[in-house]
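Student: If it helps, the file is called my_file-v8.cif and holds mmCIF, C-alpha atoms:
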data_entry
#
loop_
_atom_site.label_atom_id
_atom_site.label_comp_id
_atom_site.auth_asym_id
_atom_site.auth_seq_id
_atom_site.Cartn_x
_atom_site.Cartn_y
_atom_site.Cartn_z
CA MET A 688 0.00 0.00 0.00
CA LYS A 689 2.84 2.38 0.90
CA ALA A 690 4.59 1.64 -2.39
CA PHE A 691 1.36 2.38 -4.29
CA ALA A 692 0.92 5.66 -2.40
CA ALA A 693 4.49 6.70 -3.18
CA LEU A 694 4.00 5.87 -6.86
CA LEU A 695 0.74 7.83 -6.93
CA PHE A 696 2.43 10.83 -5.32
CA ALA A 697 5.28 10.72 -7.85
CA CYS A 698 2.86 10.55 -10.77
CA CYS A 699 0.75 13.41 -9.48
CA THR A 700 3.87 15.51 -8.82
CA ALA A 701 5.05 14.97 -12.38
CA LEU A 702 1.73 16.32 -13.66
CA LEU A 703 1.93 19.53 -11.64
CA PRO A 704 2.65 22.62 -13.78
CA ALA A 705 6.14 24.07 -13.55
CA HIS A 706 6.25 27.28 -11.53
CA ALA A 707 8.33 30.41 -11.88
CA LEU A 708 11.37 31.02 -9.71
CA GLN A 709 13.19 34.18 -8.71
CA ILE A 710 16.66 33.96 -7.15
CA THR A 711 18.81 36.86 -5.95
CA ASP A 712 22.48 36.06 -6.41
CA ASP A 713 25.52 37.34 -4.52
CA ARG A 714 25.86 40.35 -6.81
CA GLY A 715 22.44 41.42 -5.60
CA VAL A 716 21.01 40.66 -9.06
CA SER A 717 17.54 39.10 -9.17
CA VAL A 718 17.28 36.34 -11.80
CA SER A 719 13.90 35.02 -12.93
CA PHE A 720 13.14 31.58 -14.38
CA ALA A 721 9.89 30.35 -15.91
CA GLN A 722 10.70 26.99 -14.34
CA SER A 723 13.56 25.27 -12.53
CA PRO A 724 16.56 25.09 -14.94
CA GLN A 725 17.16 21.70 -16.52
CA ARG A 726 20.39 22.51 -18.41
CA ILE A 727 23.06 23.91 -16.10
CA VAL A 728 26.66 24.87 -16.74
CA SER A 729 28.81 25.25 -13.61
CA VAL A 730 32.20 26.91 -13.77
CA LEU A 731 33.07 26.68 -10.08
CA PRO A 732 33.93 23.29 -8.51
CA SER A 733 32.17 23.99 -5.20
CA LEU A 734 28.94 24.84 -7.07
CA THR A 735 29.30 21.73 -9.25
CA GLU A 736 29.62 19.66 -6.08
CA GLY A 737 26.66 21.48 -4.53
CA VAL A 738 24.36 20.61 -7.44
CA CYS A 739 25.45 16.98 -7.24
CA ALA A 740 25.16 16.82 -3.45
CA LEU A 741 21.51 17.82 -3.93
CA ASP A 742 21.19 14.78 -6.24
CA GLN A 743 20.80 16.81 -9.43
CA CYS A 744 24.04 15.97 -11.23
CA GLN A 745 22.02 14.94 -14.27
CA ARG A 746 21.11 18.58 -14.94
CA LEU A 747 24.75 19.56 -15.52
CA VAL A 748 25.66 19.83 -19.20
CA GLY A 749 29.08 21.49 -18.85
CA VAL A 750 31.71 22.32 -16.22
CA ASP A 751 35.02 24.14 -15.75
CA ARG A 752 38.35 22.31 -16.00
CA TYR A 753 38.70 21.99 -12.21
CA SER A 754 35.29 20.43 -11.56
CA ASN A 755 36.26 16.80 -11.05
CA TYR A 756 33.92 15.52 -8.34
CA PRO A 757 31.88 13.40 -8.31
CA ALA A 758 33.44 11.20 -11.00
CA SER A 759 30.38 11.47 -13.24
CA VAL A 760 31.12 15.14 -14.05
CA ARG A 761 34.48 14.23 -15.59
CA SER A 762 32.73 13.07 -18.75
CA LEU A 763 30.94 16.40 -19.28
CA PRO A 764 32.07 19.03 -21.81
CA VAL A 765 34.72 21.34 -20.33
CA VAL A 766 34.25 25.06 -20.90
CA GLY A 767 37.62 26.38 -19.74
CA GLY A 768 38.53 28.04 -16.45
CA GLY A 769 36.22 29.48 -13.86
CA ILE A 770 37.41 33.07 -13.91
CA ASP A 771 37.42 33.48 -17.69
CA PRO A 772 35.62 30.53 -19.30
CA ASN A 773 35.13 29.87 -23.01
CA ILE A 774 31.99 31.85 -23.84
CA GLU A 775 31.46 30.18 -27.22
CA ALA A 776 31.64 26.72 -25.67
CA ILE A 777 29.06 27.70 -23.05
CA VAL A 778 26.67 29.20 -25.62
CA ALA A 779 26.90 26.01 -27.71
CA LEU A 780 25.57 23.99 -24.75
CA LYS A 781 22.34 26.06 -24.67
CA PRO A 782 22.23 26.29 -20.86
CA ASP A 783 19.21 27.52 -18.91
CA VAL A 784 21.64 29.04 -16.40
CA VAL A 785 25.37 29.34 -15.77
CA LEU A 786 26.64 29.06 -12.19
CA LEU A 787 29.84 30.98 -11.51
CA ALA A 788 31.80 33.00 -8.95
CA VAL A 789 31.12 36.69 -8.33
CA SER A 790 34.72 37.35 -9.42
CA SER A 791 34.21 35.70 -12.83
CA ARG A 792 34.66 38.03 -15.79
CA ALA A 793 32.13 36.10 -17.86
CA SER A 794 28.88 37.32 -16.27
CA GLU A 795 28.28 40.43 -18.37
CA ARG A 796 29.29 38.79 -21.64
CA LEU A 797 26.95 35.85 -21.07
CA GLU A 798 24.05 38.08 -20.01
CA ALA A 799 24.58 40.24 -23.12
CA LEU A 800 24.05 37.05 -25.14
CA GLY A 801 20.77 36.36 -23.35
CA ILE A 802 22.10 33.62 -21.06
CA LYS A 803 21.01 33.69 -17.43
CA VAL A 804 23.79 33.80 -14.85
CA LEU A 805 23.77 33.09 -11.13
CA ALA A 806 26.89 34.31 -9.31
CA LEU A 807 27.41 32.69 -5.91
CA GLU A 808 30.37 33.00 -3.55
CA THR A 809 31.33 30.83 -0.59
CA LYS A 810 33.94 32.24 1.78
CA ASN A 811 32.91 30.77 5.15
CA HIS A 812 30.70 28.12 6.71
CA ALA A 813 27.63 30.37 6.80
CA ASP A 814 28.11 31.07 3.09
CA VAL A 815 28.22 27.35 2.30
CA ARG A 816 24.90 26.83 4.07
CA ARG A 817 23.37 29.88 2.35
CA VAL A 818 24.59 28.88 -1.11
CA LEU A 819 23.28 25.34 -0.68
CA LYS A 820 19.86 26.85 0.08
CA LYS A 821 20.11 29.06 -3.04
CA LEU A 822 20.98 26.03 -5.14
CA GLY A 823 18.11 24.12 -3.56
CA ALA A 824 15.72 26.95 -4.46
CA LEU A 825 17.09 27.03 -8.03
CA LEU A 826 16.67 23.26 -8.35
CA ASP A 827 13.21 23.46 -6.77
CA ILE A 828 14.13 21.09 -3.94
CA PRO A 829 12.43 21.75 -0.56
CA ASP A 830 14.94 22.72 2.14
CA ALA A 831 13.75 19.95 4.46
CA VAL A 832 14.93 17.23 2.08
CA GLY A 833 17.65 19.26 0.38
CA ALA A 834 19.87 22.03 1.73
CA ASP A 835 18.83 21.86 5.41
CA ARG A 836 19.23 18.08 5.53
CA LEU A 837 22.61 18.29 3.81
CA TRP A 838 23.81 21.02 6.17
CA ARG A 839 22.80 19.02 9.26
CA ILE A 840 24.94 16.12 8.01
CA ILE A 841 27.91 18.44 7.33
CA ASP A 842 27.59 20.19 10.70
CA ALA A 843 27.26 16.95 12.68
CA SER A 844 30.25 15.42 10.86
CA VAL A 845 32.48 18.42 11.58
CA GLU A 846 31.46 18.21 15.25
CA ALA A 847 32.23 14.48 15.30
CA ALA A 848 35.69 15.16 13.86
CA ALA A 849 36.29 17.70 16.64
CA GLN A 850 35.14 15.25 19.31
CA SER A 851 37.59 12.65 18.02
CA LEU A 852 40.59 14.76 19.05
CA SER A 853 42.30 14.53 22.43
CA PRO A 854 42.61 17.54 24.78
CA LYS A 855 46.36 17.54 24.07
CA ALA A 856 45.79 17.78 20.31
CA LYS A 857 43.49 20.74 20.81
CA ASN A 858 46.36 22.85 22.13
CA THR A 859 48.12 22.58 18.76
CA ARG A 860 49.13 25.79 16.95
CA VAL A 861 48.61 25.29 13.21
CA TYR A 862 49.76 26.96 10.01
CA PHE A 863 47.79 26.07 6.88
CA GLU A 864 49.39 26.93 3.53
CA VAL A 865 46.80 26.99 0.75
CA SER A 866 49.33 27.44 -2.07
CA ARG A 867 52.88 28.54 -2.69
CA GLY A 868 53.60 32.22 -2.24
CA PRO A 869 53.05 31.48 0.56
CA TYR A 870 49.29 32.03 0.71
CA ALA A 871 47.83 31.09 4.06
CA ALA A 872 44.37 30.23 5.37
CA GLY A 873 43.48 32.85 7.96
CA GLU A 874 41.10 32.57 10.90
CA SER A 875 38.30 34.22 8.90
CA SER A 876 38.45 31.71 6.02
CA PHE A 877 36.27 28.60 5.84
CA ILE A 878 39.43 26.53 6.47
CA GLY A 879 40.15 28.72 9.49
CA GLU A 880 36.61 28.15 10.75
CA THR A 881 37.05 24.40 10.44
CA LEU A 882 40.35 24.56 12.36
CA ARG A 883 38.64 26.61 15.07
CA ARG A 884 35.82 24.07 15.34
CA LEU A 885 38.42 21.32 15.63
CA GLY A 886 39.72 23.23 18.64
CA VAL A 887 43.21 24.12 17.40
CA LYS A 888 44.82 27.55 17.13
CA ASN A 889 45.42 29.11 13.72
CA ILE A 890 48.56 31.28 13.72
CA ILE A 891 47.16 33.54 10.94
CA PRO A 892 44.88 36.13 12.60
CA ALA A 893 41.57 37.19 11.06
CA ALA A 894 42.92 40.74 10.69
CA LEU A 895 45.15 39.58 7.80
CA GLY A 896 42.13 38.45 5.75
CA PRO A 897 40.84 35.02 4.67
CA PHE A 898 43.75 33.99 2.41
CA PRO A 899 46.61 36.46 2.78
CA ARG A 900 49.97 36.26 1.06
CA ILE A 901 52.38 36.39 3.93
CA ASN A 902 56.08 36.90 4.55
CA PRO A 903 57.67 33.50 5.32
CA GLU A 904 59.35 35.22 8.30
CA PHE A 905 55.89 35.59 9.88
CA VAL A 906 55.63 31.80 10.16
CA VAL A 907 59.16 31.56 11.57
CA ARG A 908 58.27 34.02 14.32
CA ALA A 909 54.93 32.29 15.03
CA ASN A 910 56.74 28.91 15.26
CA PRO A 911 53.71 26.60 14.74
CA ASP A 912 53.50 23.09 16.18
CA LEU A 913 51.99 21.71 12.97
CA ILE A 914 52.01 22.68 9.28
CA MET A 915 49.38 21.67 6.73
CA VAL A 916 50.00 22.23 3.02
CA GLY A 917 47.40 22.11 0.26
CA ASN A 918 49.67 20.91 -2.55
CA ARG A 919 47.41 20.44 -5.58
CA SER A 920 50.26 21.33 -7.94
CA MET A 921 52.34 18.48 -6.45
CA GLN A 922 55.40 20.74 -6.48
CA ALA A 923 58.06 20.08 -3.87
CA MET A 924 57.36 21.94 -0.64
CA ALA A 925 59.03 25.33 -0.77
CA ALA A 926 62.16 25.71 1.32
CA TYR A 927 61.41 29.15 2.73
CA PRO A 928 64.28 31.00 4.47
CA GLY A 929 64.56 30.20 8.15
CA TRP A 930 61.92 27.48 8.18
CA SER A 931 64.40 24.83 9.27
CA SER A 932 64.22 26.39 12.75
CA ILE A 933 60.42 26.03 13.03
CA LYS A 934 59.29 23.47 15.60
CA ALA A 935 56.92 21.74 13.14
CA VAL A 936 59.69 21.36 10.55
CA LYS A 937 62.31 20.14 13.03
CA GLU A 938 59.90 17.55 14.44
CA GLN A 939 58.47 16.58 11.00
CA ARG A 940 54.96 17.57 11.99
CA ILE A 941 53.88 18.39 8.45
CA CYS A 942 50.91 17.13 6.44
CA VAL A 943 51.20 17.70 2.69
CA TYR A 944 47.89 17.01 0.97
CA GLY A 945 48.03 15.58 -2.54
CA VAL A 946 45.66 16.41 -5.39
CA ASP A 947 42.59 14.53 -4.18
CA GLU A 948 42.80 15.54 -0.51
CA SER A 949 43.77 19.10 -1.42
CA ASP A 950 40.63 19.41 -3.56
CA VAL A 951 38.58 18.39 -0.54
CA VAL A 952 40.16 20.70 2.04
CA VAL A 953 40.43 23.87 -0.08
CA ARG A 954 36.89 23.85 -1.55
CA PRO A 955 34.10 25.51 0.46
CA GLY A 956 31.27 23.14 -0.34
CA PRO A 957 29.40 20.00 0.62
CA ARG A 958 32.61 18.02 1.28
CA MET A 959 33.56 20.19 4.27
CA ALA A 960 32.74 17.29 6.58
CA GLU A 961 35.32 15.14 4.80
CA ALA A 962 37.76 18.06 4.97
CA ALA A 963 37.30 18.22 8.74
CA ARG A 964 38.03 14.49 9.04
CA ILE A 965 41.18 14.83 6.91
CA MET A 966 42.47 17.72 9.03
CA ALA A 967 41.53 15.99 12.29
CA LYS A 968 43.49 12.88 11.22
CA CYS A 969 46.56 15.03 10.51
CA ILE A 970 46.27 16.69 13.93
CA ALA A 971 45.79 13.36 15.72
CA ASP A 972 48.67 11.67 13.85
CA LYS A 973 51.18 14.50 14.11
CA ALA A 974 50.27 16.32 17.30
CA GLY A 975 47.94 14.03 19.25
#
Translate the structure described by the file into structure tokens.

Tutor:
Amino acid sequence: MKAFAALLFACCTALLPAHALQITDDRGVSVSFAQSPQRIVSVLPSLTEGVCALDQCQRLVGVDRYSNYPASVRSLPVVGGGIDPNIEAIVALKPDVVLLAVSSRASERLEALGIKVLALETKNHADVRRVLKKLGALLDIPDAVGADRLWRIIDASVEAAAQSLSPKAKNTRVYFEVSRGPYAAGESSFIGETLRRLGVKNIIPAALGPFPRINPEFVVRANPDLIMVGNRSMQAMAAYPGWSSIKAVKEQRICVYGVDESDVVVRPGPRMAEAARIMAKCIADKAG
């Protein structure tokens, strides 16, 4: 009987008329749709992952060159980079909407060609939750079974990762290098928020911004107990002047994340729970 009721509900839902949507993006631009978009191009990996985490991967018809998760998106047409994608390639895919970052230079050009654009930016945990809700609204998925449910899972998993660490590990002073430069993850970044929730101390203060380029001497003076490196390029770790005297370097308390793990920890999206587990394991192994 329950199976019949579920089938009846699905059939009736399919017969309901599509309804118009209006979404305000992070530029403050209100974008209207006659119905929920069925052909989506995403040129930001975190947004690609967000669409798929809401179980709507099948609506994606094109992605940027860095969108590589889940595996199913790797077979989609690639439309260049996220900041300055290939406009002609996007137009050829006839998308109902293009998802991109606020910083992307493609928005105006696409809109001039009559293509709808939704610019969304995730810089911290609250942004991730908000953007998931925007994507849910765009995909016409009720929050209760979409964005809110997904966020509860993420939030609970981050908390579980924090609870897995010992009191000793939670006294650890951490430096997180996002990329060579060095560019660091500050306290105000989503990575910094995860580190704070794990209970450790980030040596890069919020006052320096989310992802500041810093003087290597700053890290020498701060003398962290543990260093994490997001090494997507797989280049050898930079031998910055004076770093041989840092406690973390002398005691080999360094976690260098390869391509796959780096993608997880440096993307503000639905895999933040996995990112928290990866960072917690590093802290437990090296400083616990």

Student: Given the choices A:Ala960, A:Val906, A:Met915, A:Val953, which gets closest to Ser932 of chain A if the distance is worked out from all atoms listed in the file?

Tutor: A:Val906

Student: Per residue of segment 769-887 of chain A within 8 Å of segment 723-743 of chain A, record the nearest atom pair and its distance in Å to one decimal, counting all atoms listed in the file, with rows in chain order and ascending residue number, as a tab-separated table.

Tutor:
residue	atom	partner	partner_atom	distance
A:Gly769	CA	A:Val730	CA	4.8
A:Pro772	CA	A:Val730	CA	7.4
A:Ile777	CA	A:Val728	CA	7.3
A:Lys781	CA	A:Arg726	CA	7.5
A:Pro782	CA	A:Arg726	CA	4.9
A:Asp783	CA	A:Arg726	CA	5.2
A:Val784	CA	A:Ile727	CA	5.3
A:Val785	CA	A:Val728	CA	4.8
A:Leu786	CA	A:Ser729	CA	4.6
A:Leu787	CA	A:Val730	CA	5.2
A:Ala788	CA	A:Leu731	CA	6.5
A:Leu819	CA	A:Gly737	CA	6.4
A:Leu822	CA	A:Val738	CA	6.8
A:Gly823	CA	A:Leu741	CA	7.2
A:Leu825	CA	A:Ser723	CA	6.0
A:Leu826	CA	A:Ser723	CA	5.6
A:Asp827	CA	A:Ser723	CA	6.0
A:Gly833	CA	A:Leu741	CA	6.0
A:Ala834	CA	A:Leu741	CA	7.2
A:Leu837	CA	A:Leu741	CA	7.8

Student: Pick the closest to Pro957 of chain A from A:Glu874, A:Asp912, A:Asp835, A:Glu864: which is it, counting all atoms listed in the file?

Tutor: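 Residue with the minimum atom-to-atom distance to Pro957 of chain A: A:Asp835.
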
Student: Starting from the PyMOL selection byres ((chain A and resi 712) around 9), expand the selection into actual residues of this file and give them as a list in words.

Tutor: Ile710, Thr711, Asp713, Arg714, Gly715, Val716, Ser717, Val718, Val789, Val804, Leu805, Ala806, Leu807, Glu808 and Lys821 of chain A

Student: For Gln709 of chain A, which of A:Pro892, A:Ala824, A:Ala909, A:Lys857 is the closest residue, counting all atoms listed in the file?

Tutor: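 Among A:Pro892, A:Ala824, A:Ala909, A:Lys857, it is A:Ala824 that comes nearest to Gln709 of chain A.
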
Student: How would you write, as a short mmCIF file (atom, residue, chain, number, x, y, z; two decimals) with C-alpha atoms, in the frame of the given file, the residues chosen by the PyMOL selection byres ((chain A and resi 752) around 10) on this structure?

Tutor:
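expr-v8.cif written:
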data_model
loop_
_atom_site.label_atom_id
_atom_site.label_comp_id
_atom_site.auth_asym_id
_atom_site.auth_seq_id
_atom_site.Cartn_x
_atom_site.Cartn_y
_atom_site.Cartn_z
CA VAL A 730 32.20 26.91 -13.77
CA LEU A 731 33.07 26.68 -10.08
CA PRO A 732 33.93 23.29 -8.51
CA GLY A 749 29.08 21.49 -18.85
CA VAL A 750 31.71 22.32 -16.22
CA ASP A 751 35.02 24.14 -15.75
CA TYR A 753 38.70 21.99 -12.21
CA SER A 754 35.29 20.43 -11.56
CA ASN A 755 36.26 16.80 -11.05
CA ARG A 761 34.48 14.23 -15.59
CA PRO A 764 32.07 19.03 -21.81
CA VAL A 765 34.72 21.34 -20.33
CA VAL A 766 34.25 25.06 -20.90
CA GLY A 767 37.62 26.38 -19.74
CA GLY A 768 38.53 28.04 -16.45
CA GLY A 769 36.22 29.48 -13.86
CA PRO A 772 35.62 30.53 -19.30
#

Student: Find, counting only C-alpha atoms, the residue in A:Met966, A:Ile914, A:Ile774, A:Ala793 that gets nearest to Val861 of chain A.

Tutor: A:Ile914

Student: To one decimal place, how far is atom CA of Arg746 of chain A from atom CA of Arg964 of chain A in Å?

Tutor: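 Separation of atom CA of Arg746 of chain A and atom CA of Arg964 of chain A: 29.6 Å.
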
Student: Check what the PyMOL selection byres ((chain A and resi 869) around 7) selects in the file above and give those residues as number ranges by chain.

Tutor: A: 864, 866-868, 870-871, 900-901, 903

Student: Grab the atom CA of Val951 of chain A to atom CA of Arg908 of chain A distance for me, in Å with one decimal place.

Tutor: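 These two atoms are separated by 29.2 Å.
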
Student: Which residue, A:Thr881, A:Ser875, A:Ser759, A:Asn910, has the smallest gap to Ala894 of chain A when you use only C-alpha atoms?

Tutor: A:Ser875

Student: Looking at only C-alpha atoms, which of A:Pro928, A:Arg919, A:Val936, A:Ala974 is the one that sits closest to Asp950 of chain A?

Tutor: A:Arg919

Student: Provide the atom CA of Val907 of chain A to atom CA of Ile890 of chain A distance in Å, to one decimal place.

Tutor: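 These atoms are spaced 10.8 Å apart.
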
Student: What's the 6 Å shell around Arg940 of chain A, counting all atoms listed in the file, without same-chain residues fewer than 4 positions away, as a list in words?

Tutor: Leu913, Ala935 and Lys973 of chain A

Student: So which residues touch Gly879 of chain A within 9 Å, counting all atoms listed in the file, skipping near sequence neighbours fewer than 4 positions away, as a ChimeraX atom specification?

Tutor: /A:811,863,872-875,883-884,889,891,893,897

Student: Excluding Ser844 of chain A and any residue of its chain fewer than 6 positions from it, enumerate the residues within 10 Å of it, using only C-alpha atoms, and give them as a list of chain:residue names.

Tutor: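 With the cut-off at 10 Å, the set is A:Trp838, A:Gln850, A:Met959, A:Ala960, A:Glu961, A:Ala962, A:Ala963, A:Arg964.
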
Student: Please provide the set of residues having any atom within 9 Å of Ala967 of chain A, restricted to all atoms listed in the file, with same-chain residues fewer than 6 positions apart removed, written as a list in words.

Tutor: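 Listed by chain and then number, they are Ala848, Ala849, Ser851, Leu852, Leu882 and Leu885 of chain A.
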